[in-house]
Each structure stands twice: as C-alpha cells, then as structure tokens.
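Visitor: Before I ask anything, here is the structure I am working with.
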Amino acid sequence: MGASVLIAASQNECLKEVLKVVAFMFTDSVFFSPAVGHERTNLSKRKFEAPEGDHCTLLNVYRGYRLAGKEKKLKEWCEVFDIHQRLLNTVFKTRRQLRDICSKNLLIFRSCGTDTDRLR
C-alpha cells in the first residue's frame, strides 16, 4: 500500500505533502490524551483542524512544529499544544527515510501548495 500511495502522489504532484502524512501513519497519535485535561487536548487539536480532513490536520501540525523549530521553541510549542515531542521527532525521521527511498526510486518531488484536493 505505501509504495503505491507514494507513486500516485508523485504522479499527482503532491509527493512532498504525502510523505509527511504517510510518516504520521507510522507512529501513534502525536497528541496527548491524558485522563485529566482531555478537553484541553481536544481544544489544542482543533487549532490544527482542517475542513479538508485529517490528512490536512496532520500537515498543519507538521508545519507548526517546523515553524517552532525555526524559532527554537520546540519544547514550548509541544507543551502549549499537548503534543508528544518524541513522537513528532519520529515523524520527521520517518519522512526523511521515505524521502530517501523515493529519491532512490527517482520519484518526482513536487508540492501541491494550497491545492489540497490533490491529496484526496
């Protein structure tokens, strides 16, 4: 399943986004779900929600974390949004591994930008 998704993403010119979404599939949910404060976690999750679906929600989390990294505030960002930093780091490592595999197989890396319909 994974390989066919990546090939189709390359053909649909959205491989950059799909690599990120697929990387999230290889880990548990990055959102904390403590017994206490469950409502707070749901509120944090809603800040990333996208009307296009969960795949775009995950892209929003990825982009937010990257931006926090540029500002050198990863730990604080994760605490504010109730996100497992260790699991999100795993997502980034997995994406890099998938990217390397795609490169070796000569897949074309393009971004769909804001045209998220290509991700469906």
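We name chains A, B, ... following the order of the structure tokens; residues begin at 1 in each chain, and ligands are numbered from 1 as shown.
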Let's see if you can do this: from backbone DSSP, list all alpha helix (DSSP H) residues in chain A, as number ranges by chain.

Guide: A: 2-11, 15-25, 38-46, 54-70, 74-80, 85-104

Visitor: Set the distance at 7 Å and use only C-alpha atoms: which residues neighbour segment 74-79 of chain A once local chain neighbours fewer than 6 positions away are removed? I'd like the list as a ChimeraX atom specification.

Guide: /A:65,68,85

Visitor: I need the residue nearest Cys14 of chain A from this list: A:Thr27, A:Thr116, A:Ser111, A:Asn42. Use only C-alpha atoms for the distance.

Guide: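 The answer is A:Ser111, which sits nearest to Cys14 of chain A.
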
Visitor: Counting only C-alpha atoms, figure out which residue out of A:Glu71, A:Asp115, A:Asp54, A:Asp82 gets nearest to Val22 of chain A.

Guide: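 Nearest candidate to Val22 of chain A out of A:Glu71, A:Asp115, A:Asp54, A:Asp82: A:Asp54.
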
Visitor: When you count only C-alpha atoms, which of these residues is closest to Ala8 of chain A: A:Leu67, A:Cys112, A:Ser33, A:Leu107?

Guide: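 Among A:Leu67, A:Cys112, A:Ser33, A:Leu107, it is A:Leu107 that comes nearest to Ala8 of chain A.
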
Visitor: Counting only C-alpha atoms, which of A:Leu19, A:Leu87, A:Ala9, A:Val80 gets nearest to Ile101 of chain A?

Guide: A:Leu19

Visitor: Closest to Thr114 of chain A among A:Leu43, A:Ala50, A:Ile7, A:Val21, using only C-alpha atoms?

Guide: A:Ala50

Visitor: Looking at only C-alpha atoms, which of A:Phe32, A:Lys72, A:Thr90, A:Cys56 is the one that sits closest to Arg118 of chain A?

Guide: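 Ranked by minimum distance to Arg118 of chain A, first place goes to A:Cys56.
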
Visitor: Quick one: residues within 12 Å of Leu6 of chain A, only C-alpha atoms counted, chain neighbours fewer than 6 positions away excluded, as a VMD selection string?

Guide: chain A and resid 12 to 23 95 98 to 99 101 to 103 105 to 110 119

Visitor: Rounded to one decimal place, report the atom CA of Phe48 of chain A-atom CA of Lys93 of chain A distance in Å.

Guide: 21.3 Å
